[in-house]
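Here's model-v8.txt, which has compact mmCIF, C-alpha atoms:
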```txt
# COMPACT_ATOMS: atom_id res chain seq x y z
CA MET A 251 10.30 6.88 34.11
CA LEU A 252 8.38 8.36 31.19
CA ASP A 253 7.66 12.07 31.49
CA LEU A 254 4.00 12.29 30.53
CA SER A 255 3.39 15.47 32.52
CA LEU A 256 2.19 17.64 29.62
CA TYR A 257 0.37 15.51 27.09
CA ILE A 258 -1.27 17.37 24.22
CA ILE A 259 -4.01 15.62 22.26
CA LEU A 260 -4.02 16.95 18.72
CA ASP A 261 -7.39 15.99 17.28
CA GLU A 262 -7.85 16.42 13.52
CA GLY A 263 -10.52 19.02 14.27
CA TYR A 264 -7.81 21.34 15.56
CA ILE A 265 -5.61 21.09 12.47
CA ASN A 266 -6.79 24.40 11.02
CA ASN A 267 -3.32 25.61 10.14
CA SER A 268 -0.10 24.05 8.88
CA LEU A 269 0.36 20.83 10.84
CA SER A 270 4.11 21.44 11.02
CA ALA A 271 3.56 24.84 12.61
CA ILE A 272 1.10 23.40 15.14
CA VAL A 273 3.35 20.50 16.14
CA THR A 274 6.40 22.77 16.33
CA ASN A 275 4.59 25.17 18.66
CA ILE A 276 3.43 22.33 20.89
CA CYS A 277 6.99 20.99 21.11
CA LYS A 278 8.55 24.43 21.65
CA GLY A 279 6.00 25.19 24.35
CA GLY A 280 7.30 22.28 26.39
CA ALA A 281 4.88 19.42 25.84
CA THR A 282 6.38 16.05 26.75
CA VAL A 283 3.93 14.04 24.61
CA ILE A 284 1.84 14.67 21.50
CA GLN A 285 -0.99 12.35 20.60
CA LEU A 286 -2.37 12.57 17.05
CA ARG A 287 -6.01 11.58 16.69
CA GLU A 288 -7.64 11.35 13.26
CA LYS A 289 -10.86 9.41 13.37
CA THR A 290 -12.45 10.52 10.10
CA LYS A 291 -9.57 11.12 7.72
CA LYS A 292 -8.45 8.56 5.16
CA THR A 293 -5.60 6.32 6.24
CA LYS A 294 -3.27 7.81 3.63
CA LYS A 295 -3.72 11.31 5.08
CA PHE A 296 -3.35 10.07 8.65
CA LEU A 297 -0.08 8.41 7.65
CA GLU A 298 1.17 11.62 6.04
CA ASP A 299 0.26 13.68 9.11
CA ALA A 300 1.86 11.11 11.38
CA LEU A 301 5.11 11.26 9.38
CA ILE A 302 5.23 15.05 9.78
CA THR A 303 4.48 14.80 13.49
CA ARG A 304 7.12 12.09 13.96
CA GLU A 305 9.80 14.13 12.28
CA ILE A 306 9.20 17.21 14.41
CA THR A 307 8.70 15.37 17.70
CA ASN A 308 11.99 13.56 17.04
CA GLU A 309 13.76 16.89 16.59
CA PHE A 310 12.43 18.11 19.92
CA ASN A 311 12.74 14.78 21.69
CA VAL A 312 9.01 14.76 22.45
CA LEU A 313 7.11 11.47 22.71
CA PHE A 314 4.71 10.76 19.85
CA ILE A 315 1.59 8.67 20.42
CA VAL A 316 -0.84 7.65 17.66
CA ASN A 317 -4.51 7.28 18.54
CA ASP A 318 -6.09 3.90 17.70
CA ARG A 319 -4.05 2.93 14.60
CA ILE A 320 -1.26 0.54 15.51
CA ASP A 321 -0.39 0.07 11.82
CA ILE A 322 0.32 3.78 11.45
CA ALA A 323 2.25 3.84 14.72
CA ILE A 324 4.47 1.02 13.44
CA ALA A 325 4.87 2.59 10.00
CA VAL A 326 6.07 5.96 11.31
CA GLU A 327 7.97 4.53 14.28
CA ALA A 328 5.88 6.39 16.82
CA ASP A 329 6.64 5.87 20.50
CA GLY A 330 3.28 4.30 21.11
CA VAL A 331 -0.46 4.21 20.69
CA HIS A 332 -3.40 5.30 22.76
CA LEU A 333 -6.43 3.01 22.80
CA GLY A 334 -9.96 3.59 23.99
CA ASN A 335 -12.74 1.18 24.69
CA GLU A 336 -13.88 1.17 21.06
CA ASP A 337 -10.41 0.51 19.66
CA ILE A 338 -8.55 -2.75 19.28
CA SER A 339 -8.64 -4.63 22.58
CA LEU A 340 -5.56 -4.41 24.77
CA ASN A 341 -4.64 -8.07 24.69
CA TYR A 342 -4.57 -8.12 20.88
CA ALA A 343 -2.83 -4.76 20.78
CA ARG A 344 -0.04 -5.92 23.07
CA LYS A 345 0.41 -9.09 21.02
CA ILE A 346 1.02 -7.20 17.78
CA TYR A 347 2.78 -4.23 19.35
CA PRO A 348 4.95 -5.74 22.03
CA ASP A 349 7.74 -3.24 22.64
CA ARG A 350 6.31 0.24 22.75
CA ILE A 351 3.97 2.40 24.78
CA ILE A 352 0.29 1.49 24.92
CA GLY A 353 -1.93 3.95 26.74
CA TYR A 354 -5.46 2.98 27.66
CA SER A 355 -8.49 4.94 28.81
CA VAL A 356 -10.23 3.62 31.90
CA SER A 357 -13.14 4.87 33.96
CA GLY A 358 -12.85 2.66 37.02
CA VAL A 359 -10.35 0.92 39.29
CA GLN A 360 -11.22 -2.61 38.22
CA GLN A 361 -10.75 -1.66 34.58
CA ALA A 362 -7.38 -0.14 35.48
CA ILE A 363 -6.23 -3.36 37.13
CA GLU A 364 -7.32 -5.36 34.07
CA ALA A 365 -5.55 -2.93 31.76
CA ILE A 366 -2.28 -3.42 33.58
CA LYS A 367 -2.59 -7.18 33.34
CA GLU A 368 -3.13 -6.83 29.60
CA GLY A 369 -0.05 -4.71 29.17
CA ALA A 370 -0.98 -1.03 29.37
CA THR A 371 2.00 1.32 29.84
CA TYR A 372 0.00 4.26 31.17
CA LEU A 373 -3.63 4.98 31.89
CA GLY A 374 -5.86 7.91 31.09
CA THR A 375 -8.95 8.56 33.14
CA GLY A 376 -12.35 8.90 31.60
CA CYS A 377 -13.49 12.52 31.20
CA LEU A 378 -12.89 14.52 34.37
CA PHE A 379 -14.58 17.73 33.26
CA PRO A 380 -17.05 18.62 30.49
CA SER A 381 -15.09 18.70 27.24
CA THR A 382 -15.74 20.30 23.88
CA THR A 383 -14.19 17.40 21.93
CA LYS A 384 -16.01 14.50 23.57
CA SER A 385 -19.38 14.35 25.29
CA LYS A 386 -19.01 11.50 27.71
CA PRO A 387 -20.11 10.71 31.23
CA LEU A 388 -17.77 12.31 33.74
CA VAL A 389 -15.63 10.47 36.28
CA PRO A 390 -14.80 12.06 39.66
CA LEU A 391 -11.38 13.55 40.28
CA SER A 392 -11.00 11.15 43.19
CA LEU A 393 -10.75 8.29 40.68
CA ILE A 394 -7.13 9.27 40.04
CA ALA A 395 -6.09 8.57 43.62
CA ASP A 396 -8.13 5.38 43.68
CA ILE A 397 -6.39 4.11 40.54
CA LYS A 398 -2.96 5.18 41.81
CA LYS A 399 -3.50 3.12 44.95
CA ALA A 400 -4.25 0.05 42.84
CA VAL A 401 -1.61 0.26 40.09
CA ASN A 402 1.95 1.49 39.74
CA ILE A 403 2.03 2.94 36.22
CA PRO A 404 1.50 6.59 35.23
CA VAL A 405 -2.08 7.84 35.41
CA LEU A 406 -3.07 10.91 33.43
CA GLY A 407 -6.06 13.18 33.87
CA ILE A 408 -8.10 13.64 30.69
CA GLY A 409 -11.16 15.59 29.64
CA GLY A 410 -11.80 19.31 29.75
CA ILE A 411 -8.60 20.15 31.62
CA THR A 412 -8.07 23.91 31.53
CA LEU A 413 -5.04 25.81 32.75
CA GLU A 414 -6.89 26.67 35.97
CA ARG A 415 -7.68 23.03 36.68
CA VAL A 416 -4.09 21.78 36.41
CA PRO A 417 -3.22 22.15 40.12
CA ASP A 418 -6.34 20.23 41.19
CA VAL A 419 -5.64 17.39 38.77
CA LEU A 420 -2.02 17.06 39.87
CA SER A 421 -2.95 17.35 43.55
CA ALA A 422 -5.40 14.55 42.97
CA GLY A 423 -2.39 12.36 42.16
CA ALA A 424 -2.14 12.48 38.37
CA ASP A 425 1.28 12.04 36.76
CA GLY A 426 0.27 14.38 33.99
CA VAL A 427 -2.51 16.24 32.25
CA CYS A 428 -3.91 15.56 28.81
CA VAL A 429 -4.92 18.81 27.19
CA ALA A 430 -6.74 19.56 23.95
CA SER A 431 -9.36 22.28 23.59
CA ASP A 432 -7.85 24.76 26.02
CA VAL A 433 -4.59 25.17 24.12
CA PHE A 434 -6.11 24.95 20.63
CA ASN A 435 -8.87 27.43 21.33
CA HIS A 436 -6.34 29.96 22.62
CA PRO A 437 -5.22 32.62 20.11
CA ASN A 438 -1.55 31.83 20.79
CA LEU A 439 -0.86 28.09 20.92
CA LEU A 440 2.84 28.36 21.80
CA GLU A 441 2.19 30.78 24.62
CA ARG A 442 -0.65 28.70 26.02
CA VAL A 443 1.41 25.50 26.02
CA GLN A 444 4.16 27.42 27.83
CA GLU A 445 1.63 28.53 30.43
CA PHE A 446 0.63 24.92 31.01
CA LYS A 447 4.28 23.97 31.30
CA SER A 448 4.88 26.65 33.96
CA LYS A 449 1.74 25.69 35.84
CA ILE A 450 2.83 22.06 35.93
CA GLN A 451 6.33 22.96 37.04
CA SER A 452 5.06 25.17 39.88
CA ALA A 453 2.55 22.54 40.93
CA LYS A 454 5.31 19.97 41.17
CA ILE A 455 7.64 22.07 43.32
CA MET B 153 -0.07 -19.82 -7.45
CA LEU B 154 -2.79 -18.21 -5.37
CA ASP B 155 -6.33 -19.04 -6.44
CA LEU B 156 -8.05 -15.67 -6.47
CA SER B 157 -10.65 -16.69 -9.02
CA LEU B 158 -13.74 -16.00 -6.90
CA TYR B 159 -13.05 -13.11 -4.58
CA ILE B 160 -16.01 -11.87 -2.53
CA ILE B 161 -15.87 -8.39 -1.06
CA LEU B 162 -17.95 -8.33 2.10
CA ASP B 163 -18.61 -4.67 2.82
CA GLU B 164 -20.07 -3.80 6.23
CA GLY B 165 -23.18 -2.53 4.42
CA TYR B 166 -24.02 -6.11 3.48
CA ILE B 167 -23.79 -7.49 7.01
CA ASN B 168 -27.54 -7.49 7.55
CA ASN B 169 -27.63 -10.96 9.05
CA SER B 170 -25.42 -13.06 11.30
CA LEU B 171 -21.86 -12.52 10.06
CA SER B 172 -21.07 -16.19 10.71
CA ALA B 173 -23.93 -17.29 8.49
CA ILE B 174 -22.87 -14.92 5.71
CA VAL B 175 -19.22 -15.97 5.79
CA THR B 176 -20.16 -19.64 5.98
CA ASN B 177 -22.39 -19.34 2.91
CA ILE B 178 -19.67 -17.56 0.96
CA CYS B 179 -17.18 -20.27 1.84
CA LYS B 180 -19.61 -23.12 1.14
CA GLY B 181 -20.51 -21.56 -2.20
CA GLY B 182 -16.93 -21.93 -3.34
CA ALA B 183 -15.32 -18.50 -2.92
CA THR B 184 -11.53 -18.69 -2.88
CA VAL B 185 -11.09 -15.34 -1.11
CA ILE B 186 -13.16 -13.19 1.26
CA GLN B 187 -12.26 -9.58 1.82
CA LEU B 188 -13.82 -7.84 4.82
CA ARG B 189 -14.28 -4.09 4.45
CA GLU B 190 -15.47 -1.96 7.38
CA LYS B 191 -14.82 1.70 6.78
CA THR B 192 -17.17 3.23 9.33
CA LYS B 193 -17.31 0.79 12.21
CA LYS B 194 -15.23 1.19 15.35
CA THR B 195 -11.95 -0.68 15.40
CA LYS B 196 -13.13 -2.95 18.21
CA LYS B 197 -16.10 -4.14 16.15
CA PHE B 198 -13.97 -4.59 13.02
CA LEU B 199 -11.57 -6.74 15.05
CA GLU B 200 -14.44 -8.85 16.38
CA ASP B 201 -15.86 -9.34 12.88
CA ALA B 202 -12.41 -10.15 11.52
CA LEU B 203 -11.91 -12.81 14.20
CA ILE B 204 -15.19 -14.48 13.24
CA THR B 205 -14.31 -14.32 9.54
CA ARG B 206 -10.83 -15.71 10.18
CA GLU B 207 -12.16 -18.66 12.11
CA ILE B 208 -14.63 -19.68 9.42
CA THR B 209 -12.32 -19.05 6.46
CA ASN B 210 -9.71 -21.21 8.19
CA GLU B 211 -12.21 -24.05 8.51
CA PHE B 212 -12.97 -23.87 4.78
CA ASN B 213 -9.41 -23.12 3.72
CA VAL B 214 -10.51 -19.86 2.08
CA LEU B 215 -8.12 -16.91 1.92
CA PHE B 216 -9.02 -13.98 4.19
CA ILE B 217 -8.08 -10.44 3.22
CA VAL B 218 -8.70 -7.37 5.44
CA ASN B 219 -9.42 -4.06 3.74
CA ASP B 220 -7.13 -1.17 4.73
CA ARG B 221 -6.30 -2.12 8.34
CA ILE B 222 -2.93 -3.85 8.55
CA ASP B 223 -3.11 -3.84 12.36
CA ILE B 224 -6.31 -5.87 12.28
CA ALA B 225 -4.88 -8.19 9.62
CA ILE B 226 -1.88 -8.87 11.85
CA ALA B 227 -4.01 -9.29 14.98
CA VAL B 228 -6.31 -11.92 13.47
CA GLU B 229 -3.62 -13.56 11.33
CA ALA B 230 -5.42 -12.83 8.07
CA ASP B 231 -3.76 -13.92 4.84
CA GLY B 232 -3.37 -10.35 3.70
CA VAL B 233 -4.70 -6.86 3.20
CA HIS B 234 -6.20 -4.97 0.31
CA LEU B 235 -5.18 -1.34 -0.08
CA GLY B 236 -6.65 1.43 -2.18
CA ASN B 237 -5.27 4.80 -3.13
CA GLU B 238 -6.55 6.41 0.05
CA ASP B 239 -5.09 3.77 2.34
CA ILE B 240 -1.58 3.43 3.71
CA SER B 241 0.90 3.71 0.83
CA LEU B 242 2.31 0.46 -0.53
CA ASN B 243 5.93 1.09 0.37
CA TYR B 244 5.06 1.67 4.03
CA ALA B 245 2.60 -1.21 3.99
CA ARG B 246 5.18 -3.66 2.70
CA LYS B 247 7.69 -2.46 5.28
CA ILE B 248 5.42 -3.22 8.21
CA TYR B 249 3.74 -6.25 6.65
CA PRO B 250 6.52 -8.08 4.87
CA ASP B 251 5.37 -11.66 4.57
CA ARG B 252 1.76 -11.77 3.54
CA ILE B 253 -0.52 -10.82 0.66
CA ILE B 254 -0.95 -7.17 -0.21
CA GLY B 255 -3.49 -6.42 -2.90
CA TYR B 256 -3.63 -3.00 -4.49
CA SER B 257 -6.18 -1.21 -6.64
CA VAL B 258 -4.83 0.39 -9.81
CA SER B 259 -6.47 2.18 -12.68
CA GLY B 260 -3.61 2.30 -15.19
CA VAL B 261 -0.61 0.34 -16.46
CA GLN B 262 2.02 2.70 -15.06
CA GLN B 263 0.42 2.49 -11.63
CA ALA B 264 0.43 -1.31 -11.92
CA ILE B 265 4.17 -1.35 -12.67
CA GLU B 266 4.84 0.92 -9.69
CA ALA B 267 2.69 -1.25 -7.45
CA ILE B 268 4.73 -4.33 -8.32
CA LYS B 269 7.96 -2.53 -7.53
CA GLU B 270 6.54 -1.56 -4.17
CA GLY B 271 5.58 -5.11 -3.33
CA ALA B 272 1.98 -5.75 -4.37
CA THR B 273 1.01 -9.44 -4.47
CA TYR B 274 -2.01 -9.01 -6.73
CA LEU B 275 -3.77 -6.12 -8.41
CA GLY B 276 -7.39 -5.14 -8.69
CA THR B 277 -8.55 -2.92 -11.49
CA GLY B 278 -10.42 0.28 -10.91
CA CYS B 279 -14.18 -0.04 -11.39
CA LEU B 280 -15.01 -1.89 -14.60
CA PHE B 281 -18.77 -1.43 -14.48
CA PRO B 282 -21.12 0.90 -12.60
CA SER B 283 -21.31 -0.39 -9.03
CA THR B 284 -23.82 0.11 -6.26
CA THR B 285 -21.16 0.19 -3.52
CA LYS B 286 -18.77 2.71 -5.04
CA SER B 287 -19.37 5.54 -7.49
CA LYS B 288 -16.04 5.93 -9.21
CA PRO B 289 -14.84 6.65 -12.72
CA LEU B 290 -14.87 3.48 -14.81
CA VAL B 291 -11.84 1.86 -16.42
CA PRO B 292 -12.15 -0.05 -19.72
CA LEU B 293 -12.16 -3.85 -19.74
CA SER B 294 -9.12 -3.72 -22.04
CA LEU B 295 -7.08 -2.40 -19.11
CA ILE B 296 -6.87 -5.96 -17.77
CA ALA B 297 -4.99 -7.21 -20.83
CA ASP B 298 -2.78 -4.11 -20.83
CA ILE B 299 -1.81 -4.69 -17.21
CA LYS B 300 -1.28 -8.41 -17.76
CA LYS B 301 1.19 -7.63 -20.56
CA ALA B 302 3.18 -5.42 -18.21
CA VAL B 303 3.21 -7.44 -14.99
CA ASN B 304 3.24 -11.08 -13.98
CA ILE B 305 1.12 -11.15 -10.85
CA PRO B 306 -2.60 -11.93 -10.61
CA VAL B 307 -4.95 -9.23 -11.87
CA LEU B 308 -8.56 -9.21 -10.72
CA GLY B 309 -11.54 -7.47 -12.24
CA ILE B 310 -13.44 -5.27 -9.78
CA GLY B 311 -16.54 -3.12 -9.86
CA GLY B 312 -20.08 -3.99 -10.74
CA ILE B 313 -19.29 -7.53 -11.87
CA THR B 314 -22.52 -9.47 -12.27
CA LEU B 315 -22.89 -13.16 -13.03
CA GLU B 316 -23.53 -12.36 -16.69
CA ARG B 317 -20.32 -10.32 -16.96
CA VAL B 318 -18.01 -13.05 -15.62
CA PRO B 319 -17.13 -14.58 -19.02
CA ASP B 320 -16.21 -11.17 -20.48
CA VAL B 321 -14.00 -10.30 -17.53
CA LEU B 322 -12.19 -13.62 -17.64
CA SER B 323 -11.86 -13.50 -21.44
CA ALA B 324 -10.31 -10.08 -21.01
CA GLY B 325 -7.48 -11.83 -19.15
CA ALA B 326 -8.44 -11.47 -15.48
CA ASP B 327 -7.23 -14.12 -13.04
CA GLY B 328 -10.38 -13.69 -11.03
CA VAL B 329 -13.47 -11.63 -10.35
CA CYS B 330 -14.19 -9.52 -7.28
CA VAL B 331 -17.87 -9.61 -6.51
CA ALA B 332 -19.98 -7.74 -4.00
CA SER B 333 -23.45 -6.38 -4.73
CA ASP B 334 -24.56 -9.13 -7.11
CA VAL B 335 -24.27 -11.92 -4.54
CA PHE B 336 -25.44 -9.89 -1.55
CA ASN B 337 -28.48 -8.47 -3.31
CA HIS B 338 -29.56 -11.97 -4.32
CA PRO B 339 -32.19 -13.62 -2.10
CA ASN B 340 -30.03 -16.74 -1.72
CA LEU B 341 -26.39 -15.93 -1.07
CA LEU B 342 -25.11 -19.51 -1.05
CA GLU B 343 -26.86 -20.33 -4.31
CA ARG B 344 -25.60 -17.19 -6.00
CA VAL B 345 -21.99 -17.80 -4.96
CA GLN B 346 -22.34 -21.33 -6.34
CA GLU B 347 -23.59 -19.89 -9.63
CA PHE B 348 -20.51 -17.66 -9.83
CA LYS B 349 -18.32 -20.65 -9.07
CA SER B 350 -19.87 -22.68 -11.91
CA LYS B 351 -19.65 -19.77 -14.31
CA ILE B 352 -15.94 -19.33 -13.52
CA GLN B 353 -15.29 -23.04 -13.87
CA SER B 354 -17.03 -23.21 -17.27
CA ALA B 355 -15.26 -20.08 -18.46
CA LYS B 356 -11.91 -21.60 -17.58
CA ILE B 357 -12.45 -24.90 -19.44
```

Could you express the structure from this file as structure tokens?
Amino acid sequence: MLDLSLYIILDEGYINNSLSAIVTNICKGGATVIQLREKTKKTKKFLEDALITREITNEFNVLFIVNDRIDIAIAVEADGVHLGNEDISLNYARKIYPDRIIGYSVSGVQQAIEAIKEGATYLGTGCLFPSTTKSKPLVPLSLIADIKKAVNIPVLGIGGITLERVPDVLSAGADGVCVASDVFNHPNLLERVQEFKSKIQSAKI
Amino acid sequence: MLDLSLYIILDEGYINNSLSAIVTNICKGGATVIQLREKTKKTKKFLEDALITREITNEFNVLFIVNDRIDIAIAVEADGVHLGNEDISLNYARKIYPDRIIGYSVSGVQQAIEAIKEGATYLGTGCLFPSTTKSKPLVPLSLIADIKKAVNIPVLGIGGITLERVPDVLSAGADGVCVASDVFNHPNLLERVQEFKSKIQSAKI
């Protein structure tokens, strides 16, 4: 079973320092997955950043997921891609990317069932809490349990998850938490990722 | 040998009408290649537009090239991709896209020689004339002949090519002309593509 328990979403907006240093701190802190999301950068730059991220995540044996761009995921031999509703549709994605992880964002049970049929490896919920990176309609925490009842693949909580909210998200049935702003807005990234790691480990005992 | 003589670049900015109608007119007018370029649209929309373009270009036996996005090119079974200097680098592109056309934009002879080594199928020049879609430094028309002396793959003229400039570009040694604004700014797209077709045919006699 994939360990997706601590899934850090590294949006380009948070790359305000050396990318290597950021990725290294995330890995050292105990993340099990890093997703790289670059929606506005040129493809060439995204590829370069993905190569750096792949190299470091390989060293630390951390899963590496590329947001949206299957071509970049293939080029750098990432472990998978994460797709949203505005990205390439799942059925086409699975056709051209048959063997690796495809994560998909869903905001309802029916959508989750469809996503499984079309080949999703794991699911992320729509935004659970108000987030600084995305302003989207929120979904209730109870959605996690509803989806878990309907499907048997990992379901991750996404959207505004702070350290304090981790126990609630895991109690709600999530197999992991996707975290972005909380760790990147903290003055010490490594330390904050470690705090998430501890919180997840205590919650799971 | 690929017929790249009349290569229409359909930028998203020119899709001001039904895409099907636009693509059909380009094909009917006698284009040998259509490139679809969508730099700002969501991936999902680009995929949908690429599927429409693929279907119509197949009907007319016109080559279909996707700008930048190899994943979309694979998904819709396009004939190839066109890459610029800010897109995925050629060596990675060829690795993940081994069997189809890869066009590459170059602005010098040395770059052209490198591009061939890295697997380019055809080359486009940098901007030859001032263009309304891209504001880039211009390259001289003589570059075409210089590149043709150094490499033996098709070389296309790109950038601000109007109907009147076709003979000069072809006389300079180009295997084809890439056209965008001239045909899309014309009140009758089909008619204008036909005019380009005739001009190319007379120039080649």

Given a cut-off of 6 Å, which residues of chain B touch chain A, counting all atoms listed in the file, written out as an mmCIF file with C-alpha atoms, in the frame of the given file?
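Result file is selection-v9.cif:
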```
data_model
loop_
_atom_site.group_PDB
_atom_site.id
_atom_site.type_symbol
_atom_site.label_atom_id
_atom_site.label_comp_id
_atom_site.auth_asym_id
_atom_site.auth_seq_id
_atom_site.Cartn_x
_atom_site.Cartn_y
_atom_site.Cartn_z
ATOM 1 C CA LYS B 194 -15.230 1.190 15.350
ATOM 2 C CA THR B 195 -11.950 -0.680 15.400
ATOM 3 C CA LYS B 196 -13.130 -2.950 18.210
ATOM 4 C CA ILE B 222 -2.930 -3.850 8.550
ATOM 5 C CA ASP B 223 -3.110 -3.840 12.360
ATOM 6 C CA GLU B 238 -6.550 6.410 0.050
ATOM 7 C CA ASP B 239 -5.090 3.770 2.340
ATOM 8 C CA ILE B 240 -1.580 3.430 3.710
#
```

| task | May I have the residues within 10 Å of range 400-407 of chain A as number ranges by chain, using only C-alpha atoms and disregarding those fewer than 4 positions away in the same chain? | result | A: 251-257, 353-356, 359-360, 362-363, 365-366, 370-379, 391, 393-396, 411, 416, 419-420, 422-429

| query | B:Asn169, B:Asn219, B:Thr209, B:Thr176: which is nearest Leu188 in chain B, counting all atoms listed in the file? | reply |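 That would be B:Asn219, the residue with the smallest distance to Leu188 in chain B.
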
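With only C-alpha atoms as the atoms that count, the minimum distance from Val433 in chain A to the choices A:Ala271, A:Pro380, A:Gly279, A:Ile352 is reached by A:Gly279.
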
| For Val443 in chain A, which residue out of A:Asp349, A:Val283, A:Ile397, A:Ser268 is the nearest one, using all atoms listed in the file? |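 Closest to Val443 in chain A, using all atoms listed in the file: A:Val283.
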
| message | Which polymer residues, whether protein, DNA or RNA, lie within 6 Å of the coordinate (3.3, 10.9, 23.4) when you count only C-alpha atoms? List them as a PyMOL selection string, using the chain letters and numbers from the file. | response | chain A and resi 283-285+313-315

| request: In Å, rounded to a single decimal, give me how far CA of Lys356 in chain B is from CA of Ala230 in chain B. | output: 27.9 Å

Could you write out as lines of an AutoDock Vina configuration file the box around range 311-316 of chain B (axis-aligned, all atoms listed in the file, 3 Å on each side), with centre and edge lengths in Å to one decimal?
```
center_x = -20.0
center_y = -8.1
center_z = -13.3
size_x = 13.0
size_y = 16.0
size_z = 12.8
```

| query | Pick from A:Ile306, A:Ser270, A:Ser392, A:Val316: nearest to Glu288 in chain A, with all atoms listed in the file counted? | reply |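 Among the listed residues, A:Val316 lies closest to Glu288 in chain A.
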
| request: May I ask for the distance between CA of Ile174 in chain B and CA of Ser350 in chain B, given in Å to one decimal place? | output: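 Between CA of Ile174 in chain B and CA of Ser350 in chain B the gap is 19.5 Å.
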
| Gap from CA of Glu229 in chain B to CA of Val175 in chain B - Å, one decimal |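 So the two atoms, CA of Glu229 in chain B and CA of Val175 in chain B, lie 16.7 Å apart.
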